[in-house]
$ cat query_0.cif   # mmCIF, N, CA and C atoms
data_upload
#
loop_
_atom_site.label_atom_id
_atom_site.label_comp_id
_atom_site.auth_asym_id
_atom_site.auth_seq_id
_atom_site.Cartn_x
_atom_site.Cartn_y
_atom_site.Cartn_z
N MET A 9 0.83 -1.18 0.00
CA MET A 9 0.00 0.00 0.00
C MET A 9 0.88 1.25 0.00
N THR A 10 0.45 2.23 -0.76
CA THR A 10 1.17 3.49 -0.85
C THR A 10 0.47 4.54 0.00
N PRO A 11 1.20 5.21 0.90
CA PRO A 11 0.55 6.26 1.69
C PRO A 11 0.08 7.41 0.81
N ILE A 12 -1.09 7.96 1.12
CA ILE A 12 -1.59 9.15 0.44
C ILE A 12 -1.05 10.35 1.20
N PRO A 13 -0.36 11.26 0.52
CA PRO A 13 0.18 12.42 1.24
C PRO A 13 -0.94 13.31 1.78
N CYS A 14 -0.77 13.78 2.99
CA CYS A 14 -1.73 14.70 3.61
C CYS A 14 -1.19 16.11 3.50
N VAL A 15 -2.05 17.04 3.20
CA VAL A 15 -1.68 18.44 3.13
C VAL A 15 -1.84 19.04 4.52
N ALA A 16 -0.87 19.84 4.96
CA ALA A 16 -0.99 20.52 6.24
C ALA A 16 -2.14 21.52 6.15
N VAL A 17 -3.12 21.37 7.00
CA VAL A 17 -4.29 22.24 6.99
C VAL A 17 -4.39 22.93 8.34
N HIS A 18 -4.65 24.23 8.31
CA HIS A 18 -4.75 25.03 9.52
C HIS A 18 -6.13 25.69 9.57
N ALA A 19 -6.57 26.03 10.77
CA ALA A 19 -7.85 26.70 10.96
C ALA A 19 -7.63 28.21 10.99
N TYR A 20 -8.55 28.94 10.36
CA TYR A 20 -8.51 30.40 10.34
C TYR A 20 -9.89 30.95 10.65
N LEU A 21 -9.92 32.04 11.40
CA LEU A 21 -11.17 32.74 11.69
C LEU A 21 -11.15 34.06 10.93
N VAL A 22 -12.21 34.28 10.16
CA VAL A 22 -12.36 35.54 9.43
C VAL A 22 -13.40 36.37 10.18
N GLU A 23 -12.97 37.55 10.56
CA GLU A 23 -13.82 38.47 11.32
C GLU A 23 -14.33 39.55 10.37
N ARG A 24 -15.64 39.73 10.36
CA ARG A 24 -16.21 40.75 9.48
C ARG A 24 -17.36 41.46 10.18
N TYR A 25 -17.52 42.73 9.81
CA TYR A 25 -18.61 43.55 10.35
C TYR A 25 -19.49 43.95 9.18
N LEU A 26 -20.79 43.69 9.34
CA LEU A 26 -21.73 43.83 8.23
C LEU A 26 -22.92 44.69 8.64
N PRO A 27 -22.71 45.99 8.82
CA PRO A 27 -23.82 46.84 9.27
C PRO A 27 -24.97 46.85 8.27
N GLY A 28 -26.16 46.68 8.82
CA GLY A 28 -27.37 46.77 8.00
C GLY A 28 -27.75 45.52 7.24
N LEU A 29 -26.97 44.46 7.34
CA LEU A 29 -27.31 43.24 6.59
C LEU A 29 -28.19 42.31 7.42
N ALA A 30 -29.19 41.74 6.76
CA ALA A 30 -30.05 40.74 7.38
C ALA A 30 -29.42 39.36 7.21
N GLU A 31 -29.91 38.41 7.97
CA GLU A 31 -29.39 37.04 7.89
C GLU A 31 -29.45 36.49 6.47
N ALA A 32 -30.54 36.76 5.76
CA ALA A 32 -30.68 36.25 4.38
C ALA A 32 -29.57 36.81 3.49
N ASP A 33 -29.21 38.08 3.68
CA ASP A 33 -28.13 38.69 2.90
C ASP A 33 -26.79 38.01 3.22
N VAL A 34 -26.57 37.75 4.49
CA VAL A 34 -25.32 37.11 4.91
C VAL A 34 -25.23 35.70 4.34
N ARG A 35 -26.33 34.95 4.41
CA ARG A 35 -26.33 33.59 3.85
C ARG A 35 -26.00 33.60 2.36
N LEU A 36 -26.59 34.54 1.65
CA LEU A 36 -26.32 34.66 0.21
C LEU A 36 -24.85 34.97 -0.04
N ALA A 37 -24.30 35.88 0.72
CA ALA A 37 -22.89 36.24 0.56
C ALA A 37 -21.98 35.06 0.87
N LEU A 38 -22.32 34.29 1.88
CA LEU A 38 -21.48 33.15 2.26
C LEU A 38 -21.55 32.01 1.24
N ARG A 39 -22.60 31.96 0.47
CA ARG A 39 -22.64 30.99 -0.63
C ARG A 39 -21.55 31.32 -1.65
N ARG A 40 -21.29 32.61 -1.84
CA ARG A 40 -20.20 33.02 -2.73
C ARG A 40 -18.85 32.58 -2.18
N ALA A 41 -18.71 32.60 -0.86
CA ALA A 41 -17.46 32.12 -0.24
C ALA A 41 -17.28 30.63 -0.50
N GLU A 42 -18.36 29.87 -0.38
CA GLU A 42 -18.28 28.43 -0.68
C GLU A 42 -17.87 28.20 -2.13
N ALA A 43 -18.45 28.97 -3.04
CA ALA A 43 -18.13 28.84 -4.46
C ALA A 43 -16.67 29.23 -4.72
N ALA A 44 -16.20 30.27 -4.07
CA ALA A 44 -14.80 30.69 -4.24
C ALA A 44 -13.85 29.60 -3.74
N CYS A 45 -14.19 28.97 -2.63
CA CYS A 45 -13.35 27.87 -2.11
C CYS A 45 -13.34 26.70 -3.10
N ALA A 46 -14.49 26.39 -3.66
CA ALA A 46 -14.56 25.29 -4.63
C ALA A 46 -13.69 25.60 -5.85
N ALA A 47 -13.71 26.85 -6.31
CA ALA A 47 -12.89 27.23 -7.46
C ALA A 47 -11.40 27.14 -7.13
N LEU A 48 -11.03 27.55 -5.93
CA LEU A 48 -9.62 27.45 -5.52
C LEU A 48 -9.19 26.00 -5.40
N ARG A 49 -10.06 25.15 -4.85
CA ARG A 49 -9.73 23.71 -4.76
C ARG A 49 -9.54 23.11 -6.15
N ALA A 50 -10.38 23.53 -7.09
CA ALA A 50 -10.28 23.02 -8.46
C ALA A 50 -8.94 23.40 -9.10
N SER A 51 -8.36 24.50 -8.63
CA SER A 51 -7.06 24.91 -9.18
C SER A 51 -5.89 24.43 -8.32
N GLY A 52 -6.18 23.57 -7.32
CA GLY A 52 -5.11 22.94 -6.55
C GLY A 52 -4.83 23.51 -5.18
N THR A 53 -5.62 24.47 -4.72
CA THR A 53 -5.42 25.05 -3.39
C THR A 53 -6.33 24.35 -2.39
N GLU A 54 -5.77 23.88 -1.30
CA GLU A 54 -6.56 23.20 -0.27
C GLU A 54 -7.21 24.26 0.62
N ILE A 55 -8.53 24.38 0.54
CA ILE A 55 -9.28 25.34 1.35
C ILE A 55 -10.72 24.87 1.48
N HIS A 56 -11.28 25.04 2.67
CA HIS A 56 -12.67 24.67 2.93
C HIS A 56 -13.32 25.71 3.82
N TYR A 57 -14.53 26.11 3.47
CA TYR A 57 -15.35 26.97 4.32
C TYR A 57 -16.07 26.05 5.29
N ARG A 58 -15.93 26.28 6.60
CA ARG A 58 -16.47 25.37 7.61
C ARG A 58 -17.70 25.88 8.33
N GLY A 59 -18.11 27.11 8.04
CA GLY A 59 -19.31 27.64 8.68
C GLY A 59 -19.07 28.99 9.32
N SER A 60 -20.16 29.58 9.81
CA SER A 60 -20.10 30.93 10.37
C SER A 60 -21.03 31.07 11.55
N ILE A 61 -20.78 32.10 12.32
CA ILE A 61 -21.71 32.56 13.35
C ILE A 61 -22.01 34.00 13.02
N PHE A 62 -23.29 34.29 12.79
CA PHE A 62 -23.74 35.65 12.48
C PHE A 62 -24.39 36.22 13.73
N LEU A 63 -23.89 37.35 14.17
CA LEU A 63 -24.42 38.03 15.35
C LEU A 63 -25.16 39.28 14.87
N ALA A 64 -26.46 39.12 14.61
CA ALA A 64 -27.25 40.20 14.01
C ALA A 64 -27.22 41.47 14.85
N LEU A 65 -27.36 41.35 16.16
CA LEU A 65 -27.38 42.53 17.02
C LEU A 65 -26.04 43.24 17.06
N GLU A 66 -24.98 42.50 16.86
CA GLU A 66 -23.63 43.07 16.83
C GLU A 66 -23.21 43.49 15.42
N GLU A 67 -24.01 43.10 14.43
CA GLU A 67 -23.70 43.33 13.02
C GLU A 67 -22.34 42.75 12.66
N ALA A 68 -22.09 41.54 13.16
CA ALA A 68 -20.80 40.89 12.97
C ALA A 68 -21.00 39.46 12.51
N CYS A 69 -19.99 38.95 11.83
CA CYS A 69 -20.01 37.57 11.37
C CYS A 69 -18.59 37.01 11.49
N PHE A 70 -18.49 35.83 12.06
CA PHE A 70 -17.21 35.16 12.22
C PHE A 70 -17.27 33.85 11.44
N CYS A 71 -16.34 33.68 10.52
CA CYS A 71 -16.36 32.53 9.61
C CYS A 71 -15.10 31.69 9.80
N ARG A 72 -15.28 30.39 9.76
CA ARG A 72 -14.14 29.48 9.87
C ARG A 72 -13.80 28.90 8.51
N PHE A 73 -12.52 28.94 8.21
CA PHE A 73 -11.97 28.32 7.01
C PHE A 73 -10.82 27.43 7.42
N ASP A 74 -10.65 26.32 6.74
CA ASP A 74 -9.47 25.47 6.90
C ASP A 74 -8.69 25.55 5.60
N SER A 75 -7.40 25.81 5.70
CA SER A 75 -6.58 25.93 4.51
C SER A 75 -5.13 25.65 4.84
N GLU A 76 -4.36 25.48 3.78
CA GLU A 76 -2.92 25.27 3.94
C GLU A 76 -2.19 26.58 4.21
N ARG A 77 -2.85 27.73 3.91
CA ARG A 77 -2.18 29.02 4.12
C ARG A 77 -3.21 30.14 4.24
N ALA A 78 -2.87 31.17 5.02
CA ALA A 78 -3.77 32.30 5.26
C ALA A 78 -4.08 33.06 3.97
N GLU A 79 -3.11 33.13 3.06
CA GLU A 79 -3.32 33.86 1.81
C GLU A 79 -4.47 33.27 0.99
N ALA A 80 -4.66 31.97 1.07
CA ALA A 80 -5.76 31.34 0.35
C ALA A 80 -7.11 31.76 0.94
N VAL A 81 -7.16 31.91 2.26
CA VAL A 81 -8.39 32.37 2.91
C VAL A 81 -8.70 33.81 2.48
N THR A 82 -7.68 34.65 2.47
CA THR A 82 -7.85 36.02 2.00
C THR A 82 -8.34 36.04 0.56
N GLU A 83 -7.72 35.23 -0.29
CA GLU A 83 -8.10 35.19 -1.70
C GLU A 83 -9.54 34.72 -1.88
N ALA A 84 -9.97 33.71 -1.15
CA ALA A 84 -11.34 33.21 -1.27
C ALA A 84 -12.34 34.31 -0.91
N ASN A 85 -12.06 35.04 0.15
CA ASN A 85 -12.97 36.11 0.55
C ASN A 85 -12.97 37.26 -0.45
N GLN A 86 -11.82 37.58 -1.00
CA GLN A 86 -11.76 38.63 -2.02
C GLN A 86 -12.50 38.21 -3.28
N ARG A 87 -12.32 36.96 -3.71
CA ARG A 87 -13.04 36.47 -4.89
C ARG A 87 -14.55 36.50 -4.68
N ALA A 88 -14.97 36.24 -3.44
CA ALA A 88 -16.40 36.24 -3.12
C ALA A 88 -16.96 37.64 -2.93
N GLY A 89 -16.08 38.64 -2.93
CA GLY A 89 -16.53 40.01 -2.74
C GLY A 89 -16.96 40.29 -1.31
N LEU A 90 -16.35 39.59 -0.34
CA LEU A 90 -16.73 39.73 1.06
C LEU A 90 -15.70 40.56 1.81
N ALA A 91 -16.14 41.68 2.35
CA ALA A 91 -15.24 42.50 3.16
C ALA A 91 -14.96 41.80 4.48
N PHE A 92 -13.78 42.03 5.02
CA PHE A 92 -13.44 41.46 6.32
C PHE A 92 -12.45 42.36 7.03
N ALA A 93 -12.47 42.26 8.36
CA ALA A 93 -11.56 43.06 9.18
C ALA A 93 -10.21 42.40 9.31
N ARG A 94 -10.21 41.07 9.48
CA ARG A 94 -8.95 40.35 9.59
C ARG A 94 -9.15 38.85 9.45
N VAL A 95 -8.03 38.18 9.17
CA VAL A 95 -7.94 36.72 9.11
C VAL A 95 -6.95 36.32 10.20
N SER A 96 -7.41 35.49 11.13
CA SER A 96 -6.57 35.09 12.25
C SER A 96 -6.41 33.58 12.31
N PRO A 97 -5.18 33.09 12.51
CA PRO A 97 -4.99 31.66 12.71
C PRO A 97 -5.56 31.27 14.07
N GLY A 98 -6.09 30.08 14.15
CA GLY A 98 -6.70 29.65 15.40
C GLY A 98 -6.63 28.17 15.61
N VAL A 99 -7.33 27.73 16.62
CA VAL A 99 -7.43 26.32 16.97
C VAL A 99 -8.88 25.91 16.76
N ALA A 100 -9.11 24.90 15.97
CA ALA A 100 -10.47 24.37 15.76
C ALA A 100 -10.59 23.07 16.54
N ILE A 101 -11.54 23.02 17.44
CA ILE A 101 -11.76 21.83 18.25
C ILE A 101 -13.12 21.26 17.88
N GLU A 102 -13.12 20.07 17.34
CA GLU A 102 -14.34 19.41 16.90
C GLU A 102 -14.90 18.60 18.06
N PRO A 103 -16.11 18.90 18.51
CA PRO A 103 -16.65 18.19 19.67
C PRO A 103 -16.89 16.70 19.44
N SER A 104 -17.22 16.31 18.22
CA SER A 104 -17.52 14.90 17.98
C SER A 104 -16.28 14.02 18.03
N SER A 105 -15.13 14.55 17.65
CA SER A 105 -13.93 13.72 17.62
C SER A 105 -12.80 14.29 18.47
N LEU A 106 -12.98 15.52 18.96
CA LEU A 106 -11.97 16.20 19.74
C LEU A 106 -10.65 16.34 19.01
N ASN A 107 -10.72 16.40 17.65
CA ASN A 107 -9.52 16.69 16.86
C ASN A 107 -9.16 18.15 17.05
N ILE A 108 -7.88 18.45 17.07
CA ILE A 108 -7.42 19.82 17.19
C ILE A 108 -6.55 20.14 16.00
N THR A 109 -6.82 21.28 15.36
CA THR A 109 -5.99 21.77 14.28
C THR A 109 -5.52 23.15 14.68
N GLN A 110 -4.22 23.38 14.72
CA GLN A 110 -3.67 24.65 15.15
C GLN A 110 -2.57 25.07 14.21
N LEU A 111 -2.43 26.38 14.02
CA LEU A 111 -1.34 26.89 13.21
C LEU A 111 -0.03 26.36 13.77
N GLY A 112 0.78 25.81 12.91
CA GLY A 112 2.05 25.25 13.35
C GLY A 112 1.98 23.75 13.60
N GLU A 113 0.77 23.23 13.71
CA GLU A 113 0.61 21.79 13.86
C GLU A 113 -0.03 21.26 12.58
N VAL A 114 0.35 20.09 12.20
CA VAL A 114 -0.15 19.49 10.97
C VAL A 114 -1.33 18.59 11.29
N SER A 115 -2.42 18.80 10.58
CA SER A 115 -3.55 17.89 10.67
C SER A 115 -3.23 16.69 9.81
N THR A 116 -3.36 15.51 10.38
CA THR A 116 -3.05 14.30 9.61
C THR A 116 -4.34 13.55 9.27
N THR A 117 -5.46 14.24 9.31
CA THR A 117 -6.72 13.63 8.95
C THR A 117 -6.85 13.62 7.43
N CYS A 118 -6.92 12.44 6.86
CA CYS A 118 -7.09 12.28 5.41
C CYS A 118 -8.33 11.42 5.19
N GLN A 119 -8.87 11.48 3.98
CA GLN A 119 -10.03 10.64 3.69
C GLN A 119 -9.67 9.18 3.80
N SER A 120 -8.47 8.86 3.44
CA SER A 120 -7.99 7.49 3.53
C SER A 120 -6.49 7.57 3.80
N ASP A 121 -6.00 6.77 4.71
CA ASP A 121 -4.58 6.80 5.01
C ASP A 121 -3.75 6.10 3.93
N TYR A 122 -4.37 5.18 3.25
CA TYR A 122 -3.62 4.44 2.25
C TYR A 122 -4.48 4.20 1.01
N GLN A 123 -3.81 4.09 -0.10
CA GLN A 123 -4.51 3.68 -1.31
C GLN A 123 -3.87 2.39 -1.81
N SER A 124 -4.63 1.59 -2.46
CA SER A 124 -4.12 0.30 -2.94
C SER A 124 -3.27 0.46 -4.16
#

$ encode --input "query_0.cif" --output "C-alpha cells"
Amino acid sequence: MTPIPCVAVHAYLVERYLPGLAEADVRLALRRAEAACAALRASGTEIHYRGSIFLALEEACFCRFDSERAEAVTEANQRAGLAFARVSPGVAIEPSSLNITQLGEVSTTCQSDYQS
C-alpha cells in the first residue's frame, strides 16, 4: 500500500462587520465564499469553508476556514466580494472527535490513510 500524502491544513477565523445586513443577505454572501473555495480547490489550493456565526445585534459575522495558508483564505474572501476586518490563525476543536488543528501543527486527517 502506498501512503496518500496529507496536506498541512490550519484553521482560520475571518472576522467581518456587516452593518445593516439581514441574515438572508449574509447567507447569500457566504454561498459566494463556498463557491470561491470550490474554485480554488479546483485549481489545486486546499481550502474549505467550515461555517459561520452571524451576530445580528452586533452586526458581525465570524467565519471558519481550513486551509494550507492564510493567503488562500484572504483570496477566497476577495473572490467572493466579502469585506473582512482580519484573518486570524486559530485552533479548531471538533466536539464529535476532539480533533485539534492549530497553526504550526499538521492535521493528519485524510479521507484514507492508504490507497491500494

$ closest_residue --input "query_0.cif" --among "A:Cys71, A:Ala64, A:Ala80, A:Leu90" --to "Leu29 in chain A" --atoms "only C-alpha atoms"
A:Ala64

$ select_by_dssp --input "query_0.cif" --residues "range 45-115 of chain A" --states "alpha helix (DSSP H)" --output "NGL selection string"
:A and (45-50 or 78-87)

$ atom_distance --input "query_0.cif" --atom1 "CA of Leu63 in chain A" --atom2 "CA of Val17 in chain A"
26.9 Å

$ resolve_selection --input "query_0.cif" --expression "the PyMOL selection byres ((chain A and resi 21) around 8)" --output "PyMOL selection string"
chain A and resi 18-20+22-24+70-74+94-99

$ write_last_selection --input "query_0.cif" --atoms "N, CA and C atoms" --output "PDB file, keeping the file's coordinate frame"
ATOM      1  N   HIS A  18      -4.650  24.230   8.310  1.00  0.00           N
ATOM      2  CA  HIS A  18      -4.750  25.030   9.520  1.00  0.00           C
ATOM      3  C   HIS A  18      -6.130  25.690   9.570  1.00  0.00           C
ATOM      4  N   ALA A  19      -6.570  26.030  10.770  1.00  0.00           N
ATOM      5  CA  ALA A  19      -7.850  26.700  10.960  1.00  0.00           C
ATOM      6  C   ALA A  19      -7.630  28.210  10.990  1.00  0.00           C
ATOM      7  N   TYR A  20      -8.550  28.940  10.360  1.00  0.00           N
ATOM      8  CA  TYR A  20      -8.510  30.400  10.340  1.00  0.00           C
ATOM      9  C   TYR A  20      -9.890  30.950  10.650  1.00  0.00           C
ATOM     10  N   VAL A  22     -12.210  34.280  10.160  1.00  0.00           N
ATOM     11  CA  VAL A  22     -12.360  35.540   9.430  1.00  0.00           C
ATOM     12  C   VAL A  22     -13.400  36.370  10.180  1.00  0.00           C
ATOM     13  N   GLU A  23     -12.970  37.550  10.560  1.00  0.00           N
ATOM     14  CA  GLU A  23     -13.820  38.470  11.320  1.00  0.00           C
ATOM     15  C   GLU A  23     -14.330  39.550  10.370  1.00  0.00           C
ATOM     16  N   ARG A  24     -15.640  39.730  10.360  1.00  0.00           N
ATOM     17  CA  ARG A  24     -16.210  40.750   9.480  1.00  0.00           C
ATOM     18  C   ARG A  24     -17.360  41.460  10.180  1.00  0.00           C
ATOM     19  N   PHE A  70     -18.490  35.830  12.060  1.00  0.00           N
ATOM     20  CA  PHE A  70     -17.210  35.160  12.220  1.00  0.00           C
ATOM     21  C   PHE A  70     -17.270  33.850  11.440  1.00  0.00           C
ATOM     22  N   CYS A  71     -16.340  33.680  10.520  1.00  0.00           N
ATOM     23  CA  CYS A  71     -16.360  32.530   9.610  1.00  0.00           C
ATOM     24  C   CYS A  71     -15.100  31.690   9.800  1.00  0.00           C
ATOM     25  N   ARG A  72     -15.280  30.390   9.760  1.00  0.00           N
ATOM     26  CA  ARG A  72     -14.140  29.480   9.870  1.00  0.00           C
ATOM     27  C   ARG A  72     -13.800  28.900   8.510  1.00  0.00           C
ATOM     28  N   PHE A  73     -12.520  28.940   8.210  1.00  0.00           N
ATOM     29  CA  PHE A  73     -11.970  28.320   7.010  1.00  0.00           C
ATOM     30  C   PHE A  73     -10.820  27.430   7.420  1.00  0.00           C
ATOM     31  N   ASP A  74     -10.650  26.320   6.740  1.00  0.00           N
ATOM     32  CA  ASP A  74      -9.470  25.470   6.900  1.00  0.00           C
ATOM     33  C   ASP A  74      -8.690  25.550   5.600  1.00  0.00           C
ATOM     34  N   ARG A  94     -10.210  41.070   9.480  1.00  0.00           N
ATOM     35  CA  ARG A  94      -8.950  40.350   9.590  1.00  0.00           C
ATOM     36  C   ARG A  94      -9.150  38.850   9.450  1.00  0.00           C
ATOM     37  N   VAL A  95      -8.030  38.180   9.170  1.00  0.00           N
ATOM     38  CA  VAL A  95      -7.940  36.720   9.110  1.00  0.00           C
ATOM     39  C   VAL A  95      -6.950  36.320  10.200  1.00  0.00           C
ATOM     40  N   SER A  96      -7.410  35.490  11.130  1.00  0.00           N
ATOM     41  CA  SER A  96      -6.570  35.090  12.250  1.00  0.00           C
ATOM     42  C   SER A  96      -6.410  33.580  12.310  1.00  0.00           C
ATOM     43  N   PRO A  97      -5.180  33.090  12.510  1.00  0.00           N
ATOM     44  CA  PRO A  97      -4.990  31.660  12.710  1.00  0.00           C
ATOM     45  C   PRO A  97      -5.560  31.270  14.070  1.00  0.00           C
ATOM     46  N   GLY A  98      -6.090  30.080  14.150  1.00  0.00           N
ATOM     47  CA  GLY A  98      -6.700  29.650  15.400  1.00  0.00           C
ATOM     48  C   GLY A  98      -6.630  28.170  15.610  1.00  0.00           C
ATOM     49  N   VAL A  99      -7.330  27.730  16.620  1.00  0.00           N
ATOM     50  CA  VAL A  99      -7.430  26.320  16.970  1.00  0.00           C
ATOM     51  C   VAL A  99      -8.880  25.910  16.760  1.00  0.00           C
TER      52      VAL A  99
END

$ atom_distance --input "query_0.cif" --atom1 "CA of Ala32 in chain A" --atom2 "atom N of Ala44 in chain A"
17.8 Å

$ residues_around --input "query_0.cif" --residues "Glu54 in chain A" --least-positions-apart "5" --cutoff "9 Å" --atoms "only C-alpha atoms" --output "NGL selection string"
:A and (15-17 or 45 or 48-49 or 74-77 or 80)

$ select_by_dssp --input "query_0.cif" --residues "range 21-108 of chain A" --states "strand (DSSP E or B)" --output "number ranges by chain"
A: 21-25, 55-63, 68-75, 94-101, 108

$ residues_around --input "query_0.cif" --residues "Glu66 in chain A" --least-positions-apart "4" --cutoff "8 Å" --atoms "all atoms listed in the file" --output "PyMOL selection string"
chain A and resi 25-28+62

$ residues_around --input "query_0.cif" --residues "Leu36 in chain A" --least-positions-apart "5" --cutoff "12 Å" --atoms "only C-alpha atoms" --output "PyMOL selection string"
chain A and resi 29-31+41-43+88-90

$ atom_distance --input "query_0.cif" --atom1 "CA of Ser51 in chain A" --atom2 "CA of Ala37 in chain A"
21.8 Å

$ closest_residue --input "query_0.cif" --among "A:Cys69, A:Pro103, A:Arg35, A:Val81" --to "His56 in chain A" --atoms "only C-alpha atoms"
A:Val81

$ closest_residue --input "query_0.cif" --among "A:Ser104, A:Arg40, A:Ser60, A:Leu65" --to "Arg87 in chain A" --atoms "all atoms listed in the file"
A:Arg40
